[in-house]
Structure formats: structure tokens, C-alpha cells
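input_31.cif, holding mmCIF, N, CA and C atoms:
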```cif
data_work
#
loop_
_atom_site.group_PDB
_atom_site.id
_atom_site.type_symbol
_atom_site.label_atom_id
_atom_site.label_comp_id
_atom_site.auth_asym_id
_atom_site.auth_seq_id
_atom_site.Cartn_x
_atom_site.Cartn_y
_atom_site.Cartn_z
ATOM 1 N N MET A 1 -172.885 -45.707 97.228
ATOM 2 C CA MET A 1 -173.412 -46.643 96.245
ATOM 3 C C MET A 1 -172.648 -46.460 94.935
ATOM 4 N N LYS A 2 -172.292 -47.549 94.346
ATOM 5 C CA LYS A 2 -171.547 -47.511 93.092
ATOM 6 C C LYS A 2 -172.498 -47.306 91.922
ATOM 7 N N GLU A 3 -172.114 -46.398 91.019
ATOM 8 C CA GLU A 3 -172.949 -46.113 89.855
ATOM 9 C C GLU A 3 -172.322 -46.729 88.615
ATOM 10 N N SER A 4 -173.163 -47.074 87.664
ATOM 11 C CA SER A 4 -172.689 -47.731 86.456
ATOM 12 C C SER A 4 -173.261 -47.034 85.228
ATOM 13 N N ILE A 5 -172.464 -47.010 84.154
ATOM 14 C CA ILE A 5 -172.960 -46.416 82.911
ATOM 15 C C ILE A 5 -173.530 -47.474 81.971
ATOM 16 N N LEU A 6 -173.412 -48.721 82.346
ATOM 17 C CA LEU A 6 -173.911 -49.791 81.491
ATOM 18 C C LEU A 6 -175.429 -49.852 81.568
ATOM 19 N N PRO A 7 -176.105 -49.932 80.395
ATOM 20 C CA PRO A 7 -177.565 -49.934 80.397
ATOM 21 C C PRO A 7 -178.176 -51.183 81.010
ATOM 22 N N GLY A 8 -177.474 -52.300 81.012
ATOM 23 C CA GLY A 8 -178.036 -53.543 81.493
ATOM 24 C C GLY A 8 -177.826 -53.809 82.969
ATOM 25 N N SER A 9 -177.190 -52.896 83.683
ATOM 26 C CA SER A 9 -176.929 -53.141 85.098
ATOM 27 C C SER A 9 -178.208 -53.013 85.916
ATOM 28 N N LYS A 10 -178.328 -53.830 86.932
ATOM 29 C CA LYS A 10 -179.559 -53.871 87.727
ATOM 30 C C LYS A 10 -179.375 -53.132 89.052
ATOM 31 N N GLY A 11 -180.396 -52.377 89.447
ATOM 32 C CA GLY A 11 -180.416 -51.758 90.750
ATOM 33 C C GLY A 11 -179.463 -50.597 90.950
ATOM 34 N N GLU A 12 -178.819 -50.147 89.920
ATOM 35 C CA GLU A 12 -177.885 -49.034 90.055
ATOM 36 C C GLU A 12 -178.381 -47.853 89.233
ATOM 37 N N GLU A 13 -178.163 -46.672 89.759
ATOM 38 C CA GLU A 13 -178.615 -45.459 89.078
ATOM 39 C C GLU A 13 -177.671 -45.118 87.923
ATOM 40 N N PRO A 14 -178.172 -44.463 86.870
ATOM 41 C CA PRO A 14 -177.284 -44.027 85.795
ATOM 42 C C PRO A 14 -176.338 -42.942 86.299
ATOM 43 N N VAL A 15 -175.197 -42.828 85.657
ATOM 44 C CA VAL A 15 -174.192 -41.840 86.070
ATOM 45 C C VAL A 15 -174.693 -40.439 85.771
ATOM 46 N N LYS A 16 -174.525 -39.552 86.748
ATOM 47 C CA LYS A 16 -174.917 -38.171 86.546
ATOM 48 C C LYS A 16 -173.945 -37.499 85.577
ATOM 49 N N GLU A 17 -174.426 -36.461 84.922
ATOM 50 C CA GLU A 17 -173.592 -35.708 83.998
ATOM 51 C C GLU A 17 -172.425 -35.072 84.753
ATOM 52 N N ASP A 18 -171.287 -35.017 84.114
ATOM 53 C CA ASP A 18 -170.094 -34.431 84.716
ATOM 54 C C ASP A 18 -170.378 -32.984 85.154
ATOM 55 N N ARG A 19 -170.014 -32.666 86.371
ATOM 56 C CA ARG A 19 -170.286 -31.347 86.935
ATOM 57 C C ARG A 19 -169.642 -30.236 86.102
ATOM 58 N N ARG A 20 -168.417 -30.471 85.616
ATOM 59 C CA ARG A 20 -167.730 -29.451 84.809
ATOM 60 C C ARG A 20 -168.482 -29.181 83.510
ATOM 61 N N LEU A 21 -168.972 -30.243 82.868
ATOM 62 C CA LEU A 21 -169.718 -30.078 81.620
ATOM 63 C C LEU A 21 -171.040 -29.366 81.879
ATOM 64 N N ARG A 22 -171.730 -29.756 82.943
ATOM 65 C CA ARG A 22 -173.009 -29.128 83.271
ATOM 66 C C ARG A 22 -172.838 -27.635 83.540
ATOM 67 N N ASN A 23 -171.816 -27.267 84.285
ATOM 68 C CA ASN A 23 -171.562 -25.854 84.581
ATOM 69 C C ASN A 23 -171.152 -25.079 83.330
ATOM 70 N N LEU A 24 -170.333 -25.707 82.483
ATOM 71 C CA LEU A 24 -169.906 -25.060 81.244
ATOM 72 C C LEU A 24 -171.094 -24.798 80.330
ATOM 73 N N LYS A 25 -171.977 -25.782 80.197
ATOM 74 C CA LYS A 25 -173.161 -25.597 79.348
ATOM 75 C C LYS A 25 -174.055 -24.489 79.895
ATOM 76 N N TYR A 26 -174.176 -24.406 81.205
ATOM 77 C CA TYR A 26 -174.992 -23.348 81.822
ATOM 78 C C TYR A 26 -174.413 -21.969 81.489
ATOM 79 N N GLN A 27 -173.107 -21.815 81.637
ATOM 80 C CA GLN A 27 -172.470 -20.530 81.351
ATOM 81 C C GLN A 27 -172.594 -20.169 79.870
ATOM 82 N N MET A 28 -172.449 -21.169 78.990
ATOM 83 C CA MET A 28 -172.520 -20.908 77.554
ATOM 84 C C MET A 28 -173.939 -20.554 77.126
ATOM 85 N N ARG A 29 -174.937 -21.215 77.713
ATOM 86 C CA ARG A 29 -176.324 -20.887 77.370
ATOM 87 C C ARG A 29 -176.658 -19.465 77.783
ATOM 88 N N LYS A 30 -176.096 -18.999 78.903
ATOM 89 C CA LYS A 30 -176.327 -17.620 79.344
ATOM 90 C C LYS A 30 -175.789 -16.618 78.326
ATOM 91 N N LYS A 31 -174.719 -16.988 77.610
ATOM 92 C CA LYS A 31 -174.118 -16.096 76.620
ATOM 93 C C LYS A 31 -174.802 -16.186 75.259
ATOM 94 N N GLY A 32 -175.712 -17.135 75.068
ATOM 95 C CA GLY A 32 -176.442 -17.218 73.815
ATOM 96 C C GLY A 32 -176.134 -18.429 72.960
ATOM 97 N N TYR A 33 -175.271 -19.325 73.420
ATOM 98 C CA TYR A 33 -174.998 -20.547 72.679
ATOM 99 C C TYR A 33 -176.212 -21.465 72.780
ATOM 100 N N VAL A 34 -176.451 -22.258 71.739
ATOM 101 C CA VAL A 34 -177.521 -23.256 71.754
ATOM 102 C C VAL A 34 -176.847 -24.618 71.742
ATOM 103 N N ILE A 35 -177.128 -25.428 72.759
ATOM 104 C CA ILE A 35 -176.442 -26.708 72.916
ATOM 105 C C ILE A 35 -177.442 -27.848 72.745
ATOM 106 N N ASN A 36 -177.112 -28.763 71.834
ATOM 107 C CA ASN A 36 -177.943 -29.934 71.570
ATOM 108 C C ASN A 36 -177.192 -31.163 72.083
ATOM 109 N N ASP A 37 -177.672 -31.721 73.206
ATOM 110 C CA ASP A 37 -176.997 -32.873 73.811
ATOM 111 C C ASP A 37 -177.140 -34.137 72.982
ATOM 112 N N LYS A 38 -178.275 -34.292 72.323
ATOM 113 C CA LYS A 38 -178.529 -35.517 71.554
ATOM 114 C C LYS A 38 -177.524 -35.669 70.415
ATOM 115 N N ASP A 39 -177.300 -34.581 69.665
ATOM 116 C CA ASP A 39 -176.381 -34.632 68.527
ATOM 117 C C ASP A 39 -174.971 -34.162 68.874
ATOM 118 N N ARG A 40 -174.757 -33.749 70.143
ATOM 119 C CA ARG A 40 -173.452 -33.248 70.611
ATOM 120 C C ARG A 40 -172.974 -32.097 69.731
ATOM 121 N N VAL A 41 -173.875 -31.114 69.531
ATOM 122 C CA VAL A 41 -173.576 -29.943 68.699
ATOM 123 C C VAL A 41 -173.800 -28.687 69.521
ATOM 124 N N CYS A 42 -172.936 -27.709 69.323
ATOM 125 C CA CYS A 42 -173.064 -26.420 69.983
ATOM 126 C C CYS A 42 -173.141 -25.349 68.892
ATOM 127 N N VAL A 43 -174.276 -24.649 68.822
ATOM 128 C CA VAL A 43 -174.458 -23.583 67.838
ATOM 129 C C VAL A 43 -173.887 -22.304 68.438
ATOM 130 N N LEU A 44 -173.007 -21.660 67.697
ATOM 131 C CA LEU A 44 -172.279 -20.504 68.213
ATOM 132 C C LEU A 44 -173.183 -19.299 68.437
ATOM 133 N N ALA A 45 -172.807 -18.492 69.428
ATOM 134 C CA ALA A 45 -173.538 -17.276 69.772
ATOM 135 C C ALA A 45 -173.140 -16.150 68.813
ATOM 136 N N ASP A 46 -173.725 -14.974 69.029
ATOM 137 C CA ASP A 46 -173.354 -13.810 68.230
ATOM 138 C C ASP A 46 -171.872 -13.495 68.415
ATOM 139 N N GLU A 47 -171.295 -12.837 67.422
ATOM 140 C CA GLU A 47 -169.848 -12.589 67.396
ATOM 141 C C GLU A 47 -169.358 -11.834 68.633
ATOM 142 N N ASP A 48 -170.142 -10.893 69.136
ATOM 143 C CA ASP A 48 -169.691 -10.088 70.276
ATOM 144 C C ASP A 48 -169.789 -10.817 71.614
ATOM 145 N N LYS A 49 -170.496 -11.949 71.672
ATOM 146 C CA LYS A 49 -170.664 -12.688 72.932
ATOM 147 C C LYS A 49 -169.902 -14.008 72.951
ATOM 148 N N ARG A 50 -169.129 -14.288 71.914
ATOM 149 C CA ARG A 50 -168.423 -15.565 71.844
ATOM 150 C C ARG A 50 -167.221 -15.606 72.777
ATOM 151 N N SER A 51 -166.902 -16.801 73.254
ATOM 152 C CA SER A 51 -165.762 -17.010 74.137
ATOM 153 C C SER A 51 -164.888 -18.135 73.575
ATOM 154 N N PRO A 52 -163.708 -17.797 73.060
ATOM 155 C CA PRO A 52 -162.835 -18.841 72.503
ATOM 156 C C PRO A 52 -162.433 -19.895 73.543
ATOM 157 N N LEU A 53 -162.262 -19.469 74.786
ATOM 158 C CA LEU A 53 -161.871 -20.416 75.830
ATOM 159 C C LEU A 53 -162.992 -21.419 76.096
ATOM 160 N N GLN A 54 -164.220 -20.949 76.192
ATOM 161 C CA GLN A 54 -165.333 -21.863 76.433
ATOM 162 C C GLN A 54 -165.570 -22.767 75.228
ATOM 163 N N GLU A 55 -165.353 -22.262 74.019
ATOM 164 C CA GLU A 55 -165.495 -23.104 72.829
ATOM 165 C C GLU A 55 -164.446 -24.214 72.839
ATOM 166 N N LYS A 56 -163.254 -23.888 73.276
ATOM 167 C CA LYS A 56 -162.193 -24.890 73.371
ATOM 168 C C LYS A 56 -162.549 -25.941 74.420
ATOM 169 N N ARG A 57 -163.099 -25.506 75.559
ATOM 170 C CA ARG A 57 -163.455 -26.433 76.635
ATOM 171 C C ARG A 57 -164.598 -27.354 76.228
ATOM 172 N N ILE A 58 -165.601 -26.840 75.492
ATOM 173 C CA ILE A 58 -166.730 -27.687 75.094
ATOM 174 C C ILE A 58 -166.285 -28.720 74.053
ATOM 175 N N LYS A 59 -165.268 -28.386 73.250
ATOM 176 C CA LYS A 59 -164.733 -29.344 72.273
ATOM 177 C C LYS A 59 -164.098 -30.549 72.965
ATOM 178 N N THR A 60 -163.519 -30.335 74.158
ATOM 179 C CA THR A 60 -162.890 -31.451 74.874
ATOM 180 C C THR A 60 -163.925 -32.477 75.317
ATOM 181 N N PHE A 61 -165.214 -32.088 75.369
ATOM 182 C CA PHE A 61 -166.291 -33.012 75.719
ATOM 183 C C PHE A 61 -166.946 -33.596 74.465
ATOM 184 N N SER A 62 -166.268 -33.559 73.336
ATOM 185 C CA SER A 62 -166.714 -34.155 72.059
ATOM 186 C C SER A 62 -167.911 -33.446 71.445
ATOM 187 N N PHE A 63 -168.060 -32.150 71.691
ATOM 188 C CA PHE A 63 -169.098 -31.381 71.028
ATOM 189 C C PHE A 63 -168.517 -30.765 69.769
ATOM 190 N N ARG A 64 -169.336 -30.713 68.703
ATOM 191 C CA ARG A 64 -168.931 -30.040 67.467
ATOM 192 C C ARG A 64 -169.483 -28.634 67.496
ATOM 193 N N LEU A 65 -168.747 -27.684 66.922
ATOM 194 C CA LEU A 65 -169.199 -26.306 66.861
ATOM 195 C C LEU A 65 -169.840 -26.047 65.492
ATOM 196 N N GLN A 66 -170.931 -25.318 65.496
ATOM 197 C CA GLN A 66 -171.649 -25.038 64.261
ATOM 198 C C GLN A 66 -172.033 -23.563 64.248
ATOM 199 N N TYR A 67 -171.829 -22.908 63.098
ATOM 200 C CA TYR A 67 -172.228 -21.514 62.963
ATOM 201 C C TYR A 67 -173.739 -21.398 62.847
ATOM 202 N N LYS A 68 -174.273 -20.297 63.323
ATOM 203 C CA LYS A 68 -175.710 -20.057 63.268
ATOM 204 C C LYS A 68 -176.100 -19.837 61.815
ATOM 205 N N MET A 69 -177.073 -20.604 61.343
ATOM 206 C CA MET A 69 -177.537 -20.479 59.953
ATOM 207 C C MET A 69 -178.778 -19.589 59.939
ATOM 208 N N LEU A 70 -178.764 -18.587 59.061
ATOM 209 C CA LEU A 70 -179.908 -17.672 58.976
ATOM 210 C C LEU A 70 -180.877 -18.106 57.916
#
```
Encoded form using C-alpha cells:
Amino acid sequence: MKESILPGSKGEEPVKEDRRLRNLKYQMRKKGYVINDKDRVCVLADEDKRSPLQEKRIKTFSFRLQYKML
């Protein structure tokens, strides 16, 4: 069955989230990152648990990185 991302399409299911993004968010949440899908923001984890490679990968999905505010 063909899926569509258009909101006005009839009888078709919405497109599922990209598997790579879903897996990346799962791994990042395990390390302590806080991810907000609505605003496309990723709050950084503690300094000792951060991963520059994962931060680079999440940026490719149009997420902005934000430091944790105390």
C-alpha cells in the first residue's frame, strides 16, 4: 500500500517516522539527551555522556542543539 505525507489524502496511512531517526533518538535518550519532536530541539546531555557523532547525525534531521539550562 502506498503511503502519503499529505494531510488531505484519503484512505492512506500517514508515513511512519524514519527508522534511522527513531533508532538515533532511542540511543540518545538512553545517554541522557532530551528530545522535543514538536519544536525539533535536542537538549544536550551531561558533558561526560555526550557523543559528537550522534549530535552531528541528529542535526542532519533538522534538529537544533540546546545546552541544558539550570
I'd like the contact shell of Ile58 (chain A) - 12 Å cut-off, only C-alpha atoms, skipping same-chain residues fewer than 3 positions apart - returned as an MDAnalysis selection string. chainID A and resid 20:29 33 35:37 40:44 51:55 61:65
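When the distance limit is 8 Å and only C-alpha atoms are what count, the residues near Gly32 (chain A), minus those fewer than 5 positions from it on the same chain, are Leu44, Ala45, Asp46 and Lys49 of chain A.
Going from atom N of Lys31 (chain A) over to CA of Arg50 (chain A), you cover 8.7 Å.
Between atom C of Val34 (chain A) and CA of Gln66 (chain A) there is a distance of 9.1 Å.
Interatomic distance, CA of Val15 (chain A) against atom N of Lys56 (chain A): 24.6 Å.
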